[in-house]
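Student: What follows is the file work-v3.txt, containing compact mmCIF, C-alpha atoms:
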```txt
# COMPACT_ATOMS: atom_id res chain seq x y z
CA MET A 1 21.19 -12.26 -5.27
CA LYS A 2 18.40 -12.98 -7.75
CA LEU A 3 15.29 -11.13 -8.85
CA TYR A 4 12.30 -13.23 -9.90
CA ASP A 5 10.71 -11.30 -12.72
CA TYR A 6 8.08 -11.50 -15.45
CA LYS A 7 8.47 -9.13 -18.37
CA SER A 8 4.82 -8.33 -19.18
CA ALA A 9 3.39 -7.74 -15.69
CA PRO A 10 3.15 -4.28 -14.13
CA ASN A 11 4.54 -4.94 -10.64
CA PRO A 12 7.86 -6.47 -11.76
CA ARG A 13 8.27 -3.49 -14.10
CA ARG A 14 8.14 -1.12 -11.14
CA VAL A 15 11.22 -2.80 -9.67
CA ARG A 16 13.07 -2.92 -13.01
CA ILE A 17 12.56 0.83 -13.53
CA PHE A 18 13.65 1.53 -9.94
CA LEU A 19 16.86 -0.49 -10.44
CA ALA A 20 17.56 1.21 -13.79
CA GLU A 21 17.23 4.65 -12.14
CA LYS A 22 19.69 3.53 -9.43
CA GLY A 23 22.06 2.01 -12.01
CA ILE A 24 21.94 -1.38 -10.25
CA GLU A 25 22.08 -4.67 -12.16
CA VAL A 26 20.67 -7.80 -10.54
CA PRO A 27 20.58 -11.28 -12.16
CA MET A 28 16.99 -12.08 -13.14
CA VAL A 29 15.01 -15.30 -13.31
CA GLN A 30 11.85 -15.28 -15.44
CA VAL A 31 8.73 -16.77 -13.78
CA ASP A 32 5.99 -17.81 -16.20
CA ILE A 33 2.80 -16.24 -14.87
CA PRO A 34 0.50 -17.42 -17.75
CA THR A 35 1.23 -21.09 -16.89
CA ALA A 36 0.84 -20.26 -13.16
CA GLU A 37 4.44 -21.21 -12.32
CA ASN A 38 4.13 -18.62 -9.52
CA ARG A 39 1.10 -20.36 -8.00
CA LYS A 40 2.76 -23.70 -7.20
CA PRO A 41 5.96 -25.05 -5.59
CA PRO A 42 8.85 -24.45 -5.68
CA TYR A 43 7.89 -20.78 -6.17
CA THR A 44 5.24 -20.75 -3.43
CA ASP A 45 7.74 -22.29 -0.98
CA LYS A 46 9.63 -19.02 -1.36
CA ASN A 47 6.65 -16.67 -1.61
CA PRO A 48 3.42 -18.29 -0.34
CA MET A 49 1.41 -15.36 -1.75
CA GLY A 50 2.67 -16.26 -5.24
CA GLY A 51 3.36 -12.67 -6.23
CA VAL A 52 6.03 -11.64 -8.72
CA PRO A 53 8.52 -9.90 -8.36
CA MET A 54 10.46 -11.48 -5.52
CA LEU A 55 14.06 -10.83 -4.46
CA GLU A 56 16.31 -13.59 -3.14
CA LEU A 57 19.13 -12.27 -0.95
CA GLU A 58 22.57 -13.91 -0.51
CA ASP A 59 21.59 -15.26 2.92
CA GLY A 60 18.50 -17.00 1.51
CA THR A 61 15.96 -14.39 2.66
CA TYR A 62 13.07 -13.85 0.23
CA ILE A 63 11.60 -10.37 -0.13
CA ALA A 64 8.26 -10.20 -1.91
CA GLU A 65 6.19 -7.09 -2.74
CA SER A 66 7.56 -4.62 -5.24
CA VAL A 67 7.76 -1.64 -2.88
CA ALA A 68 9.53 -3.75 -0.22
CA ILE A 69 12.13 -4.77 -2.82
CA CYS A 70 12.58 -1.10 -3.76
CA ARG A 71 12.95 -0.27 -0.05
CA TYR A 72 15.81 -2.77 0.21
CA PHE A 73 17.72 -1.15 -2.65
CA GLU A 74 16.97 2.37 -1.40
CA ALA A 75 18.56 1.52 1.97
CA ALA A 76 21.48 -0.41 0.45
CA HIS A 77 22.17 2.12 -2.36
CA PRO A 78 20.84 5.51 -1.21
CA ASN A 79 21.88 7.45 -4.33
CA PRO A 80 20.08 8.75 -6.27
CA PRO A 81 17.33 8.85 -3.64
CA LEU A 82 13.98 7.67 -5.02
CA MET A 83 12.10 7.44 -1.71
CA GLY A 84 13.00 10.78 -0.16
CA ARG A 85 16.01 12.03 1.76
CA ASP A 86 15.05 13.45 5.19
CA ALA A 87 12.03 12.64 7.38
CA LYS A 88 9.68 15.12 5.71
CA ASP A 89 10.77 14.23 2.22
CA GLN A 90 10.40 10.49 2.89
CA ALA A 91 6.90 11.07 4.20
CA VAL A 92 5.88 13.23 1.22
CA VAL A 93 7.15 10.62 -1.25
CA GLU A 94 5.42 7.83 0.66
CA MET A 95 2.16 9.81 0.69
CA TRP A 96 2.31 10.29 -3.07
CA ASN A 97 3.39 6.77 -3.80
CA ARG A 98 0.45 5.49 -1.77
CA ARG A 99 -1.97 7.84 -3.50
CA MET A 100 -0.69 6.67 -6.88
CA GLU A 101 -0.83 3.03 -5.81
CA LEU A 102 -4.06 2.80 -3.81
CA ASN A 103 -6.12 5.39 -5.71
CA PHE A 104 -4.78 4.89 -9.22
CA ALA A 105 -2.58 1.86 -10.05
CA LEU A 106 -4.64 -0.53 -7.92
CA PRO A 107 -7.97 0.57 -9.50
CA VAL A 108 -6.28 0.23 -12.94
CA MET A 109 -5.25 -3.34 -12.06
CA ASN A 110 -8.66 -4.12 -10.55
CA ALA A 111 -10.37 -2.86 -13.73
CA PHE A 112 -8.35 -5.45 -15.65
CA ARG A 113 -8.58 -8.29 -13.14
CA HIS A 114 -12.34 -8.01 -12.67
CA THR A 115 -13.26 -7.78 -16.35
CA HIS A 116 -10.60 -9.59 -18.41
CA GLU A 117 -10.85 -13.17 -19.67
CA PHE A 118 -7.38 -14.01 -18.25
CA PHE A 119 -8.62 -13.67 -14.66
CA LYS A 120 -11.96 -15.43 -15.14
CA THR A 121 -10.75 -18.67 -13.53
CA ARG A 122 -8.08 -17.04 -11.35
CA ILE A 123 -10.10 -14.81 -9.01
CA GLU A 124 -13.72 -14.26 -7.97
CA GLN A 125 -14.45 -11.77 -10.75
CA VAL A 126 -17.02 -9.03 -10.11
CA PRO A 127 -17.30 -7.11 -13.43
CA GLU A 128 -19.47 -4.38 -11.87
CA PHE A 129 -16.63 -3.65 -9.44
CA GLY A 130 -14.14 -3.63 -12.33
CA HIS A 131 -16.19 -1.02 -14.20
CA SER A 132 -16.46 1.12 -11.08
CA GLN A 133 -12.68 0.91 -10.56
CA LYS A 134 -12.14 2.06 -14.15
CA ARG A 135 -14.26 5.15 -13.51
CA GLY A 136 -12.28 5.74 -10.30
CA ALA A 137 -8.94 5.52 -12.14
CA LEU A 138 -10.13 7.99 -14.79
CA GLN A 139 -11.30 10.44 -12.12
CA GLN A 140 -7.91 10.15 -10.42
CA MET A 141 -6.13 11.05 -13.69
CA GLU A 142 -8.32 14.14 -14.04
CA TRP A 143 -7.42 15.20 -10.50
CA LEU A 144 -3.74 14.45 -11.01
CA ASP A 145 -3.69 16.65 -14.12
CA GLY A 146 -4.62 19.62 -11.92
CA GLU A 147 -2.01 18.69 -9.29
CA LEU A 148 0.73 18.60 -11.93
CA ALA A 149 0.06 22.19 -13.08
CA ASN A 150 2.69 23.57 -10.72
CA ARG A 151 5.36 20.93 -10.38
CA GLU A 152 7.47 18.68 -12.54
CA PHE A 153 7.05 15.36 -10.79
CA ILE A 154 4.33 13.62 -8.79
CA ALA A 155 5.90 14.17 -5.36
CA GLY A 156 7.55 17.53 -6.06
CA ASP A 157 10.71 18.72 -7.82
CA ASN A 158 12.44 15.34 -7.90
CA TYR A 159 11.70 12.11 -9.73
CA SER A 160 10.68 9.42 -7.21
CA ILE A 161 9.09 6.01 -6.81
CA ALA A 162 5.70 7.78 -7.02
CA ASP A 163 6.46 8.61 -10.67
CA ILE A 164 7.32 4.98 -11.33
CA THR A 165 4.06 3.76 -9.79
CA ALA A 166 2.02 6.28 -11.79
CA LEU A 167 3.87 5.59 -15.08
CA VAL A 168 3.32 1.85 -14.76
CA GLY A 169 -0.34 2.52 -13.91
CA VAL A 170 -0.86 4.73 -16.98
CA ASP A 171 0.81 2.20 -19.30
CA PHE A 172 -1.08 -0.76 -17.86
CA GLY A 173 -4.35 1.17 -18.13
CA ARG A 174 -4.28 1.05 -21.94
CA ILE A 175 -5.42 -2.58 -22.04
CA SER A 176 -8.62 -1.48 -20.23
CA ASP A 177 -8.94 1.68 -22.34
CA ILE A 178 -7.94 3.92 -19.45
CA ARG A 179 -6.06 6.74 -21.20
CA ILE A 180 -4.82 10.28 -20.58
CA GLY A 181 -7.61 12.61 -21.75
CA GLU A 182 -7.23 15.11 -24.61
CA GLY A 183 -7.41 18.11 -22.31
CA GLN A 184 -5.08 16.73 -19.62
CA LYS A 185 -2.06 18.75 -20.72
CA ASN A 186 -0.15 18.65 -17.43
CA LEU A 187 -0.55 14.91 -17.09
CA LYS A 188 0.54 14.49 -20.72
CA ARG A 189 3.62 16.71 -20.18
CA TRP A 190 4.56 14.70 -17.07
CA TYR A 191 3.95 11.38 -18.85
CA ASP A 192 6.08 12.33 -21.87
CA GLY A 193 8.90 13.32 -19.54
CA VAL A 194 8.99 10.15 -17.44
CA ALA A 195 8.35 7.85 -20.42
CA ALA A 196 11.33 9.40 -22.24
CA ARG A 197 13.77 8.39 -19.47
CA PRO A 198 15.87 5.33 -20.42
CA SER A 199 14.62 3.57 -17.25
CA SER A 200 11.09 3.31 -18.70
CA LYS A 201 12.37 0.67 -21.17
CA ALA A 202 13.60 -1.58 -18.35
CA MET B 1 2.54 20.11 14.73
CA LYS B 2 -0.99 18.72 14.68
CA LEU B 3 -2.52 15.34 13.94
CA TYR B 4 -6.01 15.32 12.41
CA ASP B 5 -7.69 12.30 13.92
CA TYR B 6 -11.02 10.52 14.26
CA LYS B 7 -11.41 8.17 17.19
CA SER B 8 -13.61 5.44 15.68
CA ALA B 9 -11.93 4.92 12.30
CA PRO B 10 -9.28 2.26 11.68
CA ASN B 11 -6.62 4.26 9.81
CA PRO B 12 -6.21 7.02 12.42
CA ARG B 13 -5.90 4.27 15.04
CA ARG B 14 -2.88 2.85 13.23
CA VAL B 15 -1.05 6.16 13.72
CA ARG B 16 -2.15 6.53 17.36
CA ILE B 17 -0.82 3.05 18.21
CA PHE B 18 2.43 3.80 16.33
CA LEU B 19 2.92 7.02 18.31
CA ALA B 20 2.11 5.29 21.61
CA GLU B 21 4.75 2.62 20.89
CA LYS B 22 7.29 5.38 20.17
CA GLY B 23 6.24 7.33 23.28
CA ILE B 24 5.51 10.45 21.19
CA GLU B 25 2.69 12.86 22.02
CA VAL B 26 1.24 15.05 19.27
CA PRO B 27 -1.62 17.54 19.70
CA MET B 28 -4.74 16.13 18.02
CA VAL B 29 -7.67 17.73 16.25
CA GLN B 30 -10.82 15.63 15.84
CA VAL B 31 -12.36 15.57 12.35
CA ASP B 32 -16.00 14.50 12.23
CA ILE B 33 -16.19 11.82 9.53
CA PRO B 34 -19.94 11.01 10.02
CA THR B 35 -20.89 14.58 9.05
CA ALA B 36 -18.34 14.48 6.20
CA GLU B 37 -16.22 17.30 7.63
CA ASN B 38 -13.30 15.60 5.86
CA ARG B 39 -14.99 15.77 2.45
CA LYS B 40 -15.28 19.56 2.22
CA PRO B 41 -13.14 22.69 2.73
CA PRO B 42 -11.20 23.69 4.73
CA TYR B 43 -10.16 20.05 5.27
CA THR B 44 -9.93 19.21 1.56
CA ASP B 45 -7.76 22.30 0.96
CA LYS B 46 -5.21 20.50 3.14
CA ASN B 47 -5.86 16.94 1.92
CA PRO B 48 -7.76 16.85 -1.39
CA MET B 49 -8.28 13.09 -0.99
CA GLY B 50 -10.20 13.77 2.24
CA GLY B 51 -8.57 10.94 4.14
CA VAL B 52 -8.06 10.98 7.91
CA PRO B 53 -5.49 10.90 9.57
CA MET B 54 -3.39 13.81 8.34
CA LEU B 55 -0.32 15.37 9.93
CA GLU B 56 0.38 19.10 9.79
CA LEU B 57 4.06 19.93 10.20
CA GLU B 58 5.48 23.16 11.68
CA ASP B 59 6.36 24.47 8.21
CA GLY B 60 2.78 24.02 6.96
CA THR B 61 3.40 20.78 5.05
CA TYR B 62 0.49 18.34 5.17
CA ILE B 63 1.22 14.61 5.24
CA ALA B 64 -1.74 12.35 4.51
CA GLU B 65 -1.82 8.53 4.47
CA SER B 66 -1.33 6.68 7.74
CA VAL B 67 1.83 4.81 6.70
CA ALA B 68 3.41 8.03 5.37
CA ILE B 69 2.75 9.68 8.75
CA CYS B 70 4.34 6.70 10.50
CA ARG B 71 7.31 6.97 8.12
CA TYR B 72 7.81 10.58 9.20
CA PHE B 73 7.97 9.65 12.88
CA GLU B 74 10.15 6.61 12.21
CA ALA B 75 12.76 8.82 10.50
CA ALA B 76 12.48 11.63 13.06
CA HIS B 77 12.42 9.31 16.13
CA PRO B 78 14.14 6.05 15.12
CA ASN B 79 13.80 4.34 18.54
CA PRO B 80 12.23 1.93 19.13
CA PRO B 81 12.34 0.95 15.44
CA LEU B 82 8.92 -0.11 14.14
CA MET B 83 9.79 -0.21 10.44
CA GLY B 84 13.02 -2.19 10.51
CA ARG B 85 16.62 -1.24 11.24
CA ASP B 86 18.96 -2.22 8.36
CA ALA B 87 18.17 -2.66 4.65
CA LYS B 88 17.07 -6.29 4.94
CA ASP B 89 15.03 -5.70 8.06
CA GLN B 90 13.29 -2.67 6.55
CA ALA B 91 12.39 -4.70 3.47
CA VAL B 92 11.05 -7.64 5.52
CA VAL B 93 8.88 -5.32 7.64
CA GLU B 94 7.62 -3.52 4.54
CA MET B 95 6.79 -6.86 2.88
CA TRP B 96 4.77 -7.96 5.90
CA ASN B 97 3.10 -4.61 6.39
CA ARG B 98 2.00 -4.66 2.76
CA ARG B 99 0.74 -8.24 3.02
CA MET B 100 -1.25 -7.30 6.12
CA GLU B 101 -2.56 -4.16 4.48
CA LEU B 102 -3.29 -5.22 0.88
CA ASN B 103 -4.32 -8.83 1.56
CA PHE B 104 -6.00 -8.45 4.93
CA ALA B 105 -6.83 -4.97 6.31
CA LEU B 106 -7.94 -3.62 2.91
CA PRO B 107 -10.27 -6.59 2.24
CA VAL B 108 -11.63 -6.15 5.79
CA MET B 109 -12.36 -2.49 5.06
CA ASN B 110 -13.78 -3.29 1.62
CA ALA B 111 -16.11 -5.88 3.17
CA PHE B 112 -17.49 -3.09 5.36
CA ARG B 113 -17.52 -0.34 2.73
CA HIS B 114 -19.27 -2.43 0.09
CA THR B 115 -21.99 -3.87 2.31
CA HIS B 116 -22.69 -1.41 5.15
CA GLU B 117 -25.49 1.16 5.20
CA PHE B 118 -23.03 3.95 6.14
CA PHE B 119 -21.32 3.77 2.73
CA LYS B 120 -24.47 3.38 0.63
CA THR B 121 -24.45 7.02 -0.48
CA ARG B 122 -20.69 7.54 -0.09
CA ILE B 123 -19.20 5.12 -2.66
CA GLU B 124 -20.36 3.00 -5.62
CA GLN B 125 -21.23 -0.01 -3.46
CA VAL B 126 -20.88 -3.49 -4.98
CA PRO B 127 -22.13 -5.91 -2.28
CA GLU B 128 -20.97 -8.98 -4.25
CA PHE B 129 -17.44 -7.60 -4.14
CA GLY B 130 -17.79 -6.93 -0.40
CA HIS B 131 -18.79 -10.54 0.26
CA SER B 132 -15.88 -11.82 -1.81
CA GLN B 133 -13.50 -9.56 0.14
CA LYS B 134 -14.83 -10.96 3.42
CA ARG B 135 -14.04 -14.50 2.23
CA GLY B 136 -10.57 -13.29 1.20
CA ALA B 137 -9.91 -11.75 4.62
CA LEU B 138 -10.99 -14.96 6.38
CA GLN B 139 -8.68 -17.04 4.15
CA GLN B 140 -5.83 -14.68 4.94
CA MET B 141 -6.39 -15.19 8.69
CA GLU B 142 -6.26 -18.94 8.22
CA TRP B 143 -2.96 -18.63 6.35
CA LEU B 144 -1.55 -16.19 8.90
CA ASP B 145 -2.33 -18.64 11.71
CA GLY B 146 0.08 -21.12 10.10
CA GLU B 147 2.74 -18.44 9.58
CA LEU B 148 2.62 -17.50 13.26
CA ALA B 149 3.38 -21.05 14.44
CA ASN B 150 7.10 -20.32 14.61
CA ARG B 151 7.48 -16.69 15.49
CA GLU B 152 6.16 -14.18 17.98
CA PHE B 153 5.28 -11.26 15.71
CA ILE B 154 4.07 -10.85 12.13
CA ALA B 155 7.42 -9.77 10.66
CA GLY B 156 9.69 -11.84 12.95
CA ASP B 157 11.02 -11.53 16.49
CA ASN B 158 10.20 -7.86 16.92
CA TYR B 159 6.95 -5.94 17.17
CA SER B 160 6.54 -3.73 14.08
CA ILE B 161 4.10 -1.65 12.07
CA ALA B 162 2.93 -4.93 10.46
CA ASP B 163 1.51 -5.97 13.86
CA ILE B 164 -0.30 -2.65 14.14
CA THR B 165 -1.85 -3.03 10.67
CA ALA B 166 -2.96 -6.58 11.41
CA LEU B 167 -4.32 -5.74 14.89
CA VAL B 168 -6.40 -2.86 13.54
CA GLY B 169 -7.62 -5.15 10.75
CA VAL B 170 -8.71 -7.88 13.18
CA ASP B 171 -10.51 -5.41 15.44
CA PHE B 172 -12.25 -3.65 12.56
CA GLY B 173 -13.30 -7.00 11.10
CA ARG B 174 -15.70 -7.66 13.98
CA ILE B 175 -18.33 -5.28 12.59
CA SER B 176 -18.47 -7.48 9.44
CA ASP B 177 -18.33 -10.69 11.48
CA ILE B 178 -14.75 -11.42 10.41
CA ARG B 179 -13.32 -13.15 13.47
CA ILE B 180 -10.36 -15.29 14.54
CA GLY B 181 -11.47 -18.92 14.13
CA GLU B 182 -11.76 -21.40 17.03
CA GLY B 183 -8.83 -23.48 15.82
CA GLN B 184 -6.53 -20.57 14.98
CA LYS B 185 -4.42 -20.90 18.14
CA ASN B 186 -1.31 -19.14 16.83
CA LEU B 187 -3.29 -16.17 15.57
CA LYS B 188 -5.15 -16.02 18.90
CA ARG B 189 -1.88 -16.13 20.87
CA TRP B 190 -0.44 -13.33 18.71
CA TYR B 191 -3.63 -11.27 18.99
CA ASP B 192 -3.81 -11.58 22.77
CA GLY B 193 -0.19 -10.44 23.00
CA VAL B 194 -0.49 -7.33 20.84
CA ALA B 195 -3.93 -6.38 22.18
CA ALA B 196 -2.54 -6.49 25.74
CA ARG B 197 0.09 -3.82 24.99
CA PRO B 198 -0.89 -0.39 26.39
CA SER B 199 -0.54 1.09 22.87
CA SER B 200 -3.63 -0.83 21.67
CA LYS B 201 -5.82 1.50 23.78
CA ALA B 202 -4.49 4.59 21.99
```
If you convert what's in this file into structure tokens, what do you get?
Tutor:
Amino acid sequence: MKLYDYKSAPNPRRVRIFLAEKGIEVPMVQVDIPTAENRKPPYTDKNPMGGVPMLELEDGTYIAESVAICRYFEAAHPNPPLMGRDAKDQAVVEMWNRRMELNFALPVMNAFRHTHEFFKTRIEQVPEFGHSQKRGALQQMEWLDGELANREFIAGDNYSIADITALVGVDFGRISDIRIGEGQKNLKRWYDGVAARPSSKA
Amino acid sequence: MKLYDYKSAPNPRRVRIFLAEKGIEVPMVQVDIPTAENRKPPYTDKNPMGGVPMLELEDGTYIAESVAICRYFEAAHPNPPLMGRDAKDQAVVEMWNRRMELNFALPVMNAFRHTHEFFKTRIEQVPEFGHSQKRGALQQMEWLDGELANREFIAGDNYSIADITALVGVDFGRISDIRIGEGQKNLKRWYDGVAARPSSKA
């Protein structure tokens, strides 16, 4: 088993934190995103979409997409559960992970991709969309601050993959000047808690 | 238990098809999206994000996000499995469902949202982004056609939630003139197969 990783990108970090929380060690191979090693063969023979991370299983199966890789480890190593235990709990965690991904982490990444020099030649940049996504991400943080008034973690009383997605989103937001606001005390309390876990250094 | 639904929108349809494939019947409540019933109380007291569909459980828990609702029913009624059986299978289905959602169905929806009259006052429209998303969705269909040369369904030999996501994406694309190309024989064969299942009428 091998995990194709790149240290400075947000999506691979989601998987590394997930593995650290589970106490699982997987051999890693670094893929050099800045030189586009992930956009040409042999990497694209394994993952035609070119995304990093990617997991190679013993039988030669390739699993791309960070949440799909997490799903594999959740099923193979259920404890501690990071994606919910019973049907209701799994659904609540998935709801929150999707909210954090689609309404927060994705806008944070879009804000970067559509405005930063690095992506100028890599995608069809639309700066106006990037600015709008930044405003959306900031609004989402304001809303999340209110949600966190009455519970410790994003999806309830237990740390879950939704906290990982949100933590990575907050940290990656800094490069686009998307930051926790002065008055967002609940969000700050939550952030300090999850950032202090050893897994956040993974 | 109640499912908040709206007949003409793509995300609620994903859940209805999923339930039809499982043979599960859930009482439905229609939410009128055109008059923004989902953007004000009492709906937003239940789902602050305002998204439809939403599932109300017996204990009063609200589950928003179509895939989270599907996850609930997959765990509560495992057969037939639509999200994979073992760890590897679950990860492969999740990878394909995410590819179909993030790289195809979401661009299809963005193409509509960022160019159509209906969303002019509802979001910060960026038509240039919408056009770029349409090109992205069309490229993804071309790629998918090649992928489907050697297998029956999106994620392998079995029908899964990834087929539902892709089917809903293809059907919703029509309004933005995103259509299966003349030469895309594998994609056409797959589409005809999944569209002919009784669940597609749900």
Student: I'd like a table as a Markdown table: residues in chain B with an atom no more than 9 Å from chain A, each row giving the shortest atom pair and its distance in Å to one decimal, all atoms listed in the file counted, sorted by chain and rising residue number.
Tutor:
```
| residue | atom | partner | partner_atom | distance |
| --- | --- | --- | --- | --- |
| B:Met49 | CA | A:Arg99 | CA | 8.6 |
| B:Leu57 | CA | A:Lys88 | CA | 8.7 |
| B:Thr61 | CA | A:Lys88 | CA | 8.5 |
| B:Tyr62 | CA | A:Val92 | CA | 8.4 |
| B:Ile63 | CA | A:Val92 | CA | 6.3 |
| B:Ala64 | CA | A:Met95 | CA | 6.0 |
| B:Glu65 | CA | A:Met95 | CA | 5.6 |
| B:Ser66 | CA | A:Met95 | CA | 8.5 |
| B:Val67 | CA | A:Glu94 | CA | 7.6 |
| B:Ala68 | CA | A:Ala91 | CA | 4.8 |
| B:Ile69 | CA | A:Ala91 | CA | 6.3 |
| B:Cys70 | CA | A:Ala91 | CA | 8.1 |
| B:Arg71 | CA | A:Ala91 | CA | 5.7 |
| B:Tyr72 | CA | A:Ala87 | CA | 5.0 |
| B:Phe73 | CA | A:Ala87 | CA | 7.5 |
| B:Glu74 | CA | A:Ala87 | CA | 8.0 |
| B:Ala75 | CA | A:Ala87 | CA | 5.0 |
| B:Ala76 | CA | A:Ala87 | CA | 5.8 |
| B:Asp86 | CA | A:Ala75 | CA | 7.4 |
| B:Ala87 | CA | A:Ala75 | CA | 5.0 |
| B:Lys88 | CA | A:Tyr72 | CA | 6.0 |
| B:Asp89 | CA | A:Tyr72 | CA | 8.4 |
| B:Gln90 | CA | A:Tyr72 | CA | 6.8 |
| B:Ala91 | CA | A:Ala68 | CA | 4.8 |
| B:Val92 | CA | A:Ile63 | CA | 6.3 |
| B:Val93 | CA | A:Ala68 | CA | 8.0 |
| B:Glu94 | CA | A:Ala68 | CA | 5.1 |
| B:Met95 | CA | A:Ala68 | CA | 5.2 |
| B:Trp96 | CA | A:Glu65 | CA | 8.8 |
| B:Arg98 | CA | A:Glu65 | CA | 7.3 |
| B:Arg99 | CA | A:Glu65 | CA | 8.0 |
| B:Glu124 | CA | A:Ser132 | CA | 7.0 |
| B:Gln125 | CA | A:Phe129 | CA | 8.4 |
| B:Val126 | CA | A:Phe129 | CA | 6.2 |
| B:Glu128 | CA | A:Val126 | CA | 7.1 |
| B:Phe129 | CA | A:Val126 | CA | 6.2 |
| B:Ser132 | CA | A:Glu124 | CA | 7.0 |
```
Student: Take every atom of range 64-77 of chain A listed in the file, pad by 6 Å on each side, and give me the axis-aligned box centre and edge lengths in Å, one decimal, as AutoDock Vina command-line options.
Tutor:
```
--center_x 14.2 --center_y -3.9 --center_z -1.6 --size_x 28.0 --size_y 24.6 --size_z 19.2
```
Student: What gap, in Å, lies between CA of Gly84 in chain A and CA of Ile164 in chain A?
Tutor: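 Calculated distance between CA of Gly84 in chain A and CA of Ile164 in chain A is 13.8 Å.
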Student: Distance CA of Val168 in chain B-CA of Thr35 in chain B, one decimal place?
Tutor: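 Distance reported for this atom pair: 23.1 Å.
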Student: Mind listing as a list of chain:residue names all residues within 8 Å of (-5.1, 12.1, 16.3), counting only C-alpha atoms?
Tutor: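 Result, sorted by chain then residue number: B:Lys2, B:Leu3, B:Tyr4, B:Asp5, B:Tyr6, B:Lys7, B:Pro12, B:Arg13, B:Val15, B:Arg16, B:Val26, B:Pro27, B:Met28, B:Val29, B:Gln30, B:Pro53.
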Student: Now that the selection is made, can you save its residues with C-alpha atoms as an mmCIF file, in the frame of the given file?
Tutor:
```
data_model
loop_
_atom_site.group_PDB
_atom_site.id
_atom_site.type_symbol
_atom_site.label_atom_id
_atom_site.label_comp_id
_atom_site.auth_asym_id
_atom_site.auth_seq_id
_atom_site.Cartn_x
_atom_site.Cartn_y
_atom_site.Cartn_z
ATOM 1 C CA LYS B 2 -0.990 18.720 14.680
ATOM 2 C CA LEU B 3 -2.520 15.340 13.940
ATOM 3 C CA TYR B 4 -6.010 15.320 12.410
ATOM 4 C CA ASP B 5 -7.690 12.300 13.920
ATOM 5 C CA TYR B 6 -11.020 10.520 14.260
ATOM 6 C CA LYS B 7 -11.410 8.170 17.190
ATOM 7 C CA PRO B 12 -6.210 7.020 12.420
ATOM 8 C CA ARG B 13 -5.900 4.270 15.040
ATOM 9 C CA VAL B 15 -1.050 6.160 13.720
ATOM 10 C CA ARG B 16 -2.150 6.530 17.360
ATOM 11 C CA VAL B 26 1.240 15.050 19.270
ATOM 12 C CA PRO B 27 -1.620 17.540 19.700
ATOM 13 C CA MET B 28 -4.740 16.130 18.020
ATOM 14 C CA VAL B 29 -7.670 17.730 16.250
ATOM 15 C CA GLN B 30 -10.820 15.630 15.840
ATOM 16 C CA PRO B 53 -5.490 10.900 9.570
#
```
Student: Rounded to one decimal, what separation in Å do you get between CA of Ser200 in chain A and CA of Thr44 in chain A?
Tutor: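 Here the two named atoms are 29.1 Å from each other.
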Student: Quick one: residues within 10 Å of Gly23 in chain B, all atoms listed in the file, excluding same-chain residues fewer than 3 positions away - as a ChimeraX atom specification?
Tutor: /B:17-20,77,79-80,199
Student: Rank B:Val52, B:Asp177, B:Tyr191, B:Ala202 by their smallest atom-to-atom distance to Glu25 in chain B, using all atoms listed in the file, and report the top residue only.
Tutor: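 Among the listed residues, B:Ala202 lies closest to Glu25 in chain B.
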